[in-house]
$ cat entry01.csv   # CSV, C-alpha atoms
chain,number,residue,atom,x,y,z
A,196,MET,CA,-16.0,-65.0,-60.9
A,197,LEU,CA,-13.1,-65.5,-58.6
A,198,THR,CA,-12.1,-69.1,-57.8
A,199,ASN,CA,-11.1,-69.9,-54.2
A,200,LYS,CA,-7.5,-70.2,-55.4
A,201,LYS,CA,-7.6,-66.8,-57.0
A,202,ILE,CA,-9.1,-65.3,-53.8
A,203,LYS,CA,-6.3,-66.8,-51.7
A,204,LYS,CA,-3.8,-65.5,-54.1
A,205,GLU,CA,-5.4,-62.1,-54.0
A,206,LYS,CA,-5.3,-62.2,-50.2
A,207,LYS,CA,-1.7,-63.1,-50.2
A,208,ARG,CA,-0.9,-60.3,-52.6
A,209,SER,CA,-2.6,-57.7,-50.4
A,210,LYS,CA,-1.0,-59.0,-47.2
A,211,LYS,CA,0.8,-56.2,-45.5
A,212,ILE,CA,3.7,-55.9,-43.1
A,213,SER,CA,3.9,-53.6,-40.2
A,214,VAL,CA,7.0,-51.7,-39.3
A,215,LYS,CA,7.8,-49.4,-36.5
A,216,ILE,CA,9.8,-46.3,-37.3
A,217,ILE,CA,11.7,-44.5,-34.5
A,218,PHE,CA,12.7,-40.9,-35.1
A,219,PHE,CA,15.7,-39.4,-33.3
A,220,ALA,CA,17.1,-35.9,-32.7
A,221,LYS,CA,16.3,-33.6,-35.6
A,222,SER,CA,14.1,-36.1,-37.4
A,223,LYS,CA,11.9,-36.2,-34.3
A,224,GLU,CA,11.5,-32.5,-34.4
A,225,ILE,CA,10.7,-32.5,-38.2
A,226,THR,CA,8.1,-35.2,-37.9
A,227,GLY,CA,6.8,-34.1,-34.4
A,228,LYS,CA,6.8,-37.8,-33.6
A,229,LYS,CA,8.9,-40.3,-31.6
A,230,TYR,CA,7.4,-43.3,-33.2
A,231,LEU,CA,5.3,-44.2,-36.2
A,232,ASN,CA,3.7,-47.5,-37.0
A,233,LEU,CA,3.2,-48.1,-40.7
A,234,LYS,CA,1.6,-50.8,-42.7
A,235,LEU,CA,3.3,-51.4,-46.0
A,236,PRO,CA,2.7,-53.9,-48.9
A,237,GLN,CA,4.7,-57.1,-48.5
A,238,ASN,CA,8.1,-56.9,-50.2
A,239,SER,CA,8.3,-53.2,-49.7
A,240,LYS,CA,11.9,-52.1,-49.8
A,241,ILE,CA,13.7,-49.6,-47.5
A,242,ASN,CA,13.7,-47.2,-50.4
A,243,ASP,CA,9.9,-47.4,-50.6
A,244,LEU,CA,9.7,-46.6,-46.9
A,245,ILE,CA,12.0,-43.6,-47.3
A,246,ASN,CA,9.9,-42.3,-50.1
A,247,LYS,CA,6.8,-42.8,-48.1
A,248,LEU,CA,8.2,-40.9,-45.1
A,249,LYS,CA,9.4,-38.1,-47.3
A,250,GLU,CA,5.9,-37.9,-48.8
A,251,LEU,CA,4.4,-37.8,-45.3
A,252,TYR,CA,7.0,-35.3,-44.0
A,253,PRO,CA,8.4,-33.3,-46.9
A,254,ASN,CA,10.9,-31.5,-44.6
A,255,LEU,CA,12.7,-34.8,-44.3
A,256,ASN,CA,14.0,-34.1,-47.8
A,257,ASP,CA,16.3,-31.5,-46.2
A,258,LEU,CA,17.8,-33.9,-43.7
A,259,ASN,CA,20.7,-36.2,-44.5
A,260,PHE,CA,19.9,-39.3,-42.5
A,261,SER,CA,21.0,-42.9,-42.2
A,262,ILE,CA,18.9,-46.0,-41.5
A,263,ALA,CA,19.2,-48.7,-39.0
A,264,ILE,CA,17.1,-51.8,-39.0
A,265,ASN,CA,16.7,-53.6,-35.7
A,266,ASN,CA,19.6,-51.5,-34.4
A,267,GLU,CA,22.1,-52.3,-37.2
A,268,TYR,CA,23.2,-49.7,-39.8
A,269,ILE,CA,22.0,-50.6,-43.3
A,270,TYR,CA,23.8,-49.3,-46.4
A,271,ASN,CA,21.8,-51.1,-49.1
A,272,TYR,CA,18.3,-49.6,-49.3
A,273,ASP,CA,17.3,-52.0,-52.1
A,274,ILE,CA,16.4,-54.8,-49.6
A,275,ALA,CA,12.9,-55.8,-48.5
A,276,LEU,CA,11.6,-54.9,-45.1
A,277,ARG,CA,10.2,-57.7,-43.0
A,278,ASP,CA,7.2,-57.7,-40.8
A,279,LYS,CA,7.8,-56.2,-37.3
A,280,ASP,CA,11.1,-54.6,-38.4
A,281,ILE,CA,12.1,-51.6,-36.2
A,282,VAL,CA,13.5,-48.8,-38.4
A,283,SER,CA,15.6,-46.1,-36.8
A,284,ILE,CA,16.0,-42.7,-38.5
A,285,ILE,CA,19.5,-41.6,-37.7
A,286,PRO,CA,20.4,-38.0,-38.5
A,287,PRO,CA,24.2,-37.1,-38.6
A,288,VAL,CA,25.6,-38.2,-35.2
A,289,SER,CA,27.4,-35.8,-32.9
A,290,GLY,CA,28.3,-37.7,-29.7
A,291,GLY,CA,31.4,-37.1,-27.6
B,201,MET,CA,25.2,-62.8,-29.3
B,202,MET,CA,26.1,-60.1,-26.9
B,203,LYS,CA,23.6,-59.2,-24.3
B,204,ILE,CA,22.8,-55.6,-23.6
B,205,SER,CA,21.0,-54.7,-20.4
B,206,ASN,CA,18.0,-52.6,-21.0
B,207,LYS,CA,17.2,-52.6,-17.3
B,208,ARG,CA,16.5,-49.2,-16.1
B,209,CYS,CA,18.6,-48.8,-13.0
B,210,ASN,CA,18.8,-45.2,-11.8
B,211,LYS,CA,18.4,-44.2,-15.4
B,212,LYS,CA,21.6,-46.0,-16.4
B,213,PHE,CA,21.9,-48.3,-19.4
B,214,PHE,CA,24.9,-50.4,-19.6
B,215,TYR,CA,26.9,-53.4,-20.9
B,216,LYS,CA,29.4,-55.1,-18.7
B,217,ASP,CA,31.7,-58.1,-19.1
B,218,ASP,CA,35.2,-59.0,-17.9
B,219,ARG,CA,36.9,-56.4,-20.1
B,220,PHE,CA,34.4,-53.8,-21.1
B,221,LEU,CA,32.1,-51.4,-19.3
B,222,ILE,CA,29.9,-49.3,-21.5
B,223,LYS,CA,27.3,-47.0,-20.0
B,224,ILE,CA,24.9,-44.4,-21.2
B,225,THR,CA,23.7,-42.4,-18.2
B,226,LYS,CA,21.6,-39.4,-17.3
B,227,ALA,CA,23.6,-39.0,-14.0
B,228,LYS,CA,26.7,-36.8,-13.7
B,229,ILE,CA,29.9,-38.7,-14.6
B,230,VAL,CA,32.4,-39.0,-11.8
B,231,PRO,CA,35.5,-40.7,-13.2
B,232,ASN,CA,37.0,-41.7,-9.9
B,233,ILE,CA,34.0,-43.9,-9.2
B,234,TYR,CA,34.9,-45.9,-12.3
B,235,LEU,CA,38.7,-45.8,-11.8
B,236,LYS,CA,38.5,-47.1,-8.3
B,237,ASP,CA,37.7,-50.6,-9.5
B,238,PHE,CA,39.7,-50.3,-12.7
B,239,TYR,CA,43.2,-50.6,-11.2
B,240,SER,CA,44.6,-54.1,-11.2
B,241,GLU,CA,47.8,-55.8,-9.8
B,242,GLU,CA,48.8,-57.3,-13.2
B,243,LEU,CA,48.5,-54.1,-15.2
B,244,GLY,CA,50.8,-51.0,-15.1
B,245,ALA,CA,49.4,-48.5,-17.7
B,246,TYR,CA,46.2,-46.5,-17.6
B,247,THR,CA,45.0,-43.7,-19.9
B,248,THR,CA,41.8,-41.7,-19.8
B,249,PHE,CA,40.0,-39.1,-21.8
B,250,ILE,CA,37.5,-36.7,-20.3
B,251,GLY,CA,35.4,-34.6,-22.6
B,252,THR,CA,33.5,-31.7,-21.1
B,253,ILE,CA,31.1,-29.1,-22.3
B,254,ARG,CA,32.6,-25.7,-23.4
B,255,ASP,CA,30.9,-22.5,-22.7
B,256,THR,CA,31.0,-21.1,-26.2
B,257,THR,CA,30.0,-22.3,-29.6
B,258,GLU,CA,32.5,-22.5,-32.5
B,259,ASP,CA,31.2,-19.0,-33.6
B,260,ASN,CA,31.6,-17.6,-30.1
B,261,LYS,CA,28.0,-17.6,-28.8
B,262,LYS,CA,27.5,-18.2,-25.1
B,263,ILE,CA,26.3,-21.8,-24.5
B,264,ILE,CA,23.6,-22.1,-21.9
B,265,LYS,CA,23.3,-25.9,-22.0
B,266,LEU,CA,23.6,-29.0,-24.3
B,267,TYR,CA,21.0,-31.6,-24.7
B,268,TYR,CA,22.2,-35.1,-25.6
B,269,GLU,CA,19.9,-37.8,-27.0
B,270,ALA,CA,20.8,-41.5,-27.9
B,271,ASN,CA,19.5,-44.6,-29.5
B,272,ILE,CA,20.6,-46.2,-26.3
B,273,SER,CA,20.7,-49.9,-27.1
B,274,MET,CA,22.2,-49.3,-30.5
B,275,ALA,CA,24.7,-46.8,-29.0
B,276,ILE,CA,25.9,-49.5,-26.6
B,277,SER,CA,26.3,-52.1,-29.3
B,278,GLU,CA,28.1,-49.7,-31.6
B,279,VAL,CA,30.6,-48.8,-28.9
B,280,LEU,CA,31.1,-52.5,-28.2
B,281,LYS,CA,31.9,-53.0,-31.9
B,282,ILE,CA,34.5,-50.3,-31.7
B,283,LEU,CA,36.1,-51.6,-28.5
B,284,LYS,CA,36.2,-55.1,-30.1
B,285,LYS,CA,37.9,-53.8,-33.2
B,286,TYR,CA,40.8,-52.4,-31.0
B,287,GLU,CA,40.7,-55.0,-28.3
B,288,ASN,CA,44.2,-56.4,-29.0
B,289,ASN,CA,45.7,-53.0,-28.1
B,290,PHE,CA,44.5,-52.8,-24.5
B,291,ASN,CA,43.4,-55.0,-21.7
B,292,LYS,CA,40.3,-53.3,-20.2
B,293,ALA,CA,38.1,-50.4,-21.3
B,294,ILE,CA,35.5,-48.1,-19.9
B,295,VAL,CA,33.2,-45.9,-22.0
B,296,VAL,CA,30.6,-43.7,-20.3
B,297,HIS,CA,28.5,-41.2,-22.2
B,298,ARG,CA,26.1,-38.9,-20.6
B,299,ILE,CA,22.7,-38.0,-22.1
B,300,GLY,CA,20.0,-35.4,-21.2
B,301,GLU,CA,20.8,-31.8,-20.3
B,302,ILE,CA,24.4,-31.0,-19.6
B,303,LYS,CA,25.9,-27.6,-18.5
B,304,PRO,CA,29.3,-26.2,-19.4
B,305,LYS,CA,32.2,-27.7,-17.4
B,306,GLU,CA,30.3,-31.0,-16.9
B,307,ILE,CA,31.6,-34.2,-18.4
B,308,ALA,CA,29.9,-35.6,-21.5
B,309,ILE,CA,32.2,-38.5,-22.2
B,310,PHE,CA,34.7,-40.5,-20.2
B,311,ILE,CA,36.9,-43.2,-21.6
B,312,ALA,CA,39.6,-45.2,-19.8
B,313,LEU,CA,41.9,-47.9,-21.1
B,314,SER,CA,44.3,-50.2,-19.2
B,315,ASN,CA,47.2,-52.3,-20.4
B,316,LYS,CA,50.2,-54.2,-19.1
B,317,HIS,CA,52.5,-51.5,-20.6
B,318,ARG,CA,51.8,-48.1,-22.1
B,319,ASP,CA,52.6,-49.2,-25.7
B,320,ASN,CA,49.6,-48.4,-27.9
B,321,ILE,CA,47.0,-47.2,-25.5
B,322,PHE,CA,47.3,-43.4,-26.1
B,323,VAL,CA,46.8,-43.8,-29.9
B,324,THR,CA,44.2,-46.5,-29.4
B,325,LEU,CA,42.2,-44.3,-27.1
B,326,GLY,CA,42.2,-41.5,-29.7
B,327,ASN,CA,41.1,-43.9,-32.4
B,328,ILE,CA,38.2,-45.2,-30.2
B,329,LEU,CA,37.1,-41.6,-29.5
B,330,GLU,CA,37.1,-40.6,-33.1
B,331,GLU,CA,35.1,-43.7,-34.1
B,332,ILE,CA,32.6,-43.1,-31.4
B,333,LYS,CA,32.1,-39.5,-32.7
B,334,GLU,CA,31.7,-40.8,-36.2
B,335,THR,CA,29.3,-43.8,-35.8
B,336,VAL,CA,27.6,-44.1,-32.4
B,337,PRO,CA,24.0,-42.9,-32.6
B,338,ILE,CA,24.2,-40.0,-30.0
B,339,TRP,CA,23.2,-36.5,-30.9
B,340,LYS,CA,23.7,-33.1,-29.2
B,341,LYS,CA,21.7,-29.9,-29.5
B,342,GLU,CA,23.4,-26.7,-28.5
B,343,TYR,CA,21.3,-24.1,-26.6
B,344,PHE,CA,23.0,-20.8,-26.9
B,345,GLU,CA,22.0,-17.2,-26.3
B,346,GLY,CA,19.4,-16.5,-29.0
B,347,GLY,CA,18.7,-20.0,-30.3
B,348,SER,CA,19.5,-23.7,-30.5
B,349,GLU,CA,20.9,-26.1,-33.1
B,350,TRP,CA,21.4,-29.8,-33.6
B,351,LYS,CA,25.1,-30.6,-34.2
B,352,GLY,CA,26.4,-33.1,-36.7
B,353,THR,CA,27.3,-32.8,-40.3

$ encode --input "entry01.csv" --output "structure tokens"
Amino acid sequence: MLTNKKIKKEKKRSKKISVKIIFFAKSKEITGKKYLNLKLPQNSKINDLINKLKELYPNLNDLNFSIAINNEYIYNYDIALRDKDIVSIIPPVSGG
Amino acid sequence: MMKISNKRCNKKFFYKDDRFLIKITKAKIVPNIYLKDFYSEELGAYTTFIGTIRDTTEDNKKIIKLYYEANISMAISEVLKILKKYENNFNKAIVVHRIGEIKPKEIAIFIALSNKHRDNIFVTLGNILEEIKETVPIWKKEYFEGGSEWKGT
């Protein structure tokens, strides 16, 4: 039997975060989506999200893209995402 | 923290303060409109860059149009970072980038810098342009005879 404490702990463990992913340019064509809302286990890292996206959309494996979280470029994908983060998928840029 | 206006005003998105004007716009870019208010009694040197759409691709296909897309608020904040990096080399700056469909001969990007003297502003403008091309989240897709392709390496 689960004690109250254990149930609480279990609930906490299964708590999820929701992140919004925005696809731009070629990534938008590959996924066929402008946005995607995903629920991920708490403490999911950017790497976990990238793997998940590549699983959902295998053609993303052929695209070399960068990531921005809340409109800032991120270079370390080993950091945890937070609830309500907005993740931009940034294919190679070509402005000017 | 800098404030970026997300107000949609005639499909323009912009940042403006005493020294910098940054705009991402779907409207045609008319440099003179920006330059009119750019001249100042204390400053004696101005330089501009105008980037237009060519009518052929690098491998000589005829271009029908280009389509530009941006992560608008991030593009504005990235341009602002670049301008701040070089801000000691000039007095005021304008960066306007067009998005949406653009035809050959039309302007895609307009940059202007002013300073008291001409000193560094030519080189600085070149550096700003190169960094914009490298880091600012704007993408173009070429539509040429027989197909289309996203640019960027």

$ interface_residues --input "entry01.csv" --of "chain A" --to "chain B" --cutoff "6 Å" --atoms "all atoms listed in the file" --output "NGL selection string"
:A and (266 or 287-291)

$ residues_around --input "entry01.csv" --residues "Ala263 of chain A" --least-positions-apart "4" --cutoff "8 Å" --atoms "only C-alpha atoms" --output "NGL selection string"
:A and (267-269 or 282-285)

$ atom_distance --input "entry01.csv" --atom1 "atom CA of Pro236 of chain A" --atom2 "atom CA of Phe218 of chain A"
21.4 Å

$ residues_around --input "entry01.csv" --residues "Tyr272 of chain A" --least-positions-apart "2" --cutoff "7 Å" --atoms "all atoms listed in the file" --output "PyMOL selection string"
chain A and resi 240-242+270+274

$ atom_distance --input "entry01.csv" --atom1 "atom CA of Lys226 of chain B" --atom2 "atom CA of Asn291 of chain B"
27.2 Å

$ atom_distance --input "entry01.csv" --atom1 "atom CA of Ala293 of chain B" --atom2 "atom CA of Glu342 of chain B"
28.8 Å

$ residues_around --input "entry01.csv" --residues "Arg219 of chain B" --least-positions-apart "2" --cutoff "9 Å" --atoms "all atoms listed in the file" --output "PDB file with C-alpha atoms, in the coordinates of the input"
ATOM      1  CA  LYS B 216      29.400 -55.100 -18.700  1.00  0.00           C
ATOM      2  CA  ASP B 217      31.700 -58.100 -19.100  1.00  0.00           C
ATOM      3  CA  LEU B 221      32.100 -51.400 -19.300  1.00  0.00           C
ATOM      4  CA  ASN B 291      43.400 -55.000 -21.700  1.00  0.00           C
ATOM      5  CA  LYS B 292      40.300 -53.300 -20.200  1.00  0.00           C
ATOM      6  CA  ALA B 293      38.100 -50.400 -21.300  1.00  0.00           C
ATOM      7  CA  ILE B 294      35.500 -48.100 -19.900  1.00  0.00           C
TER       8      ILE B 294
END

$ residues_around --input "entry01.csv" --residues "Lys285 of chain B" --least-positions-apart "4" --cutoff "12 Å" --atoms "only C-alpha atoms" --output "list of chain:residue names"
B:Glu278, B:Val279, B:Leu280, B:Lys281, B:Asn289, B:Phe290, B:Thr324, B:Asn327, B:Ile328, B:Glu331

$ residues_around --input "entry01.csv" --residues "Asn232 of chain A" --least-positions-apart "3" --cutoff "9 Å" --atoms "all atoms listed in the file" --output "PyMOL selection string"
chain A and resi 213-217
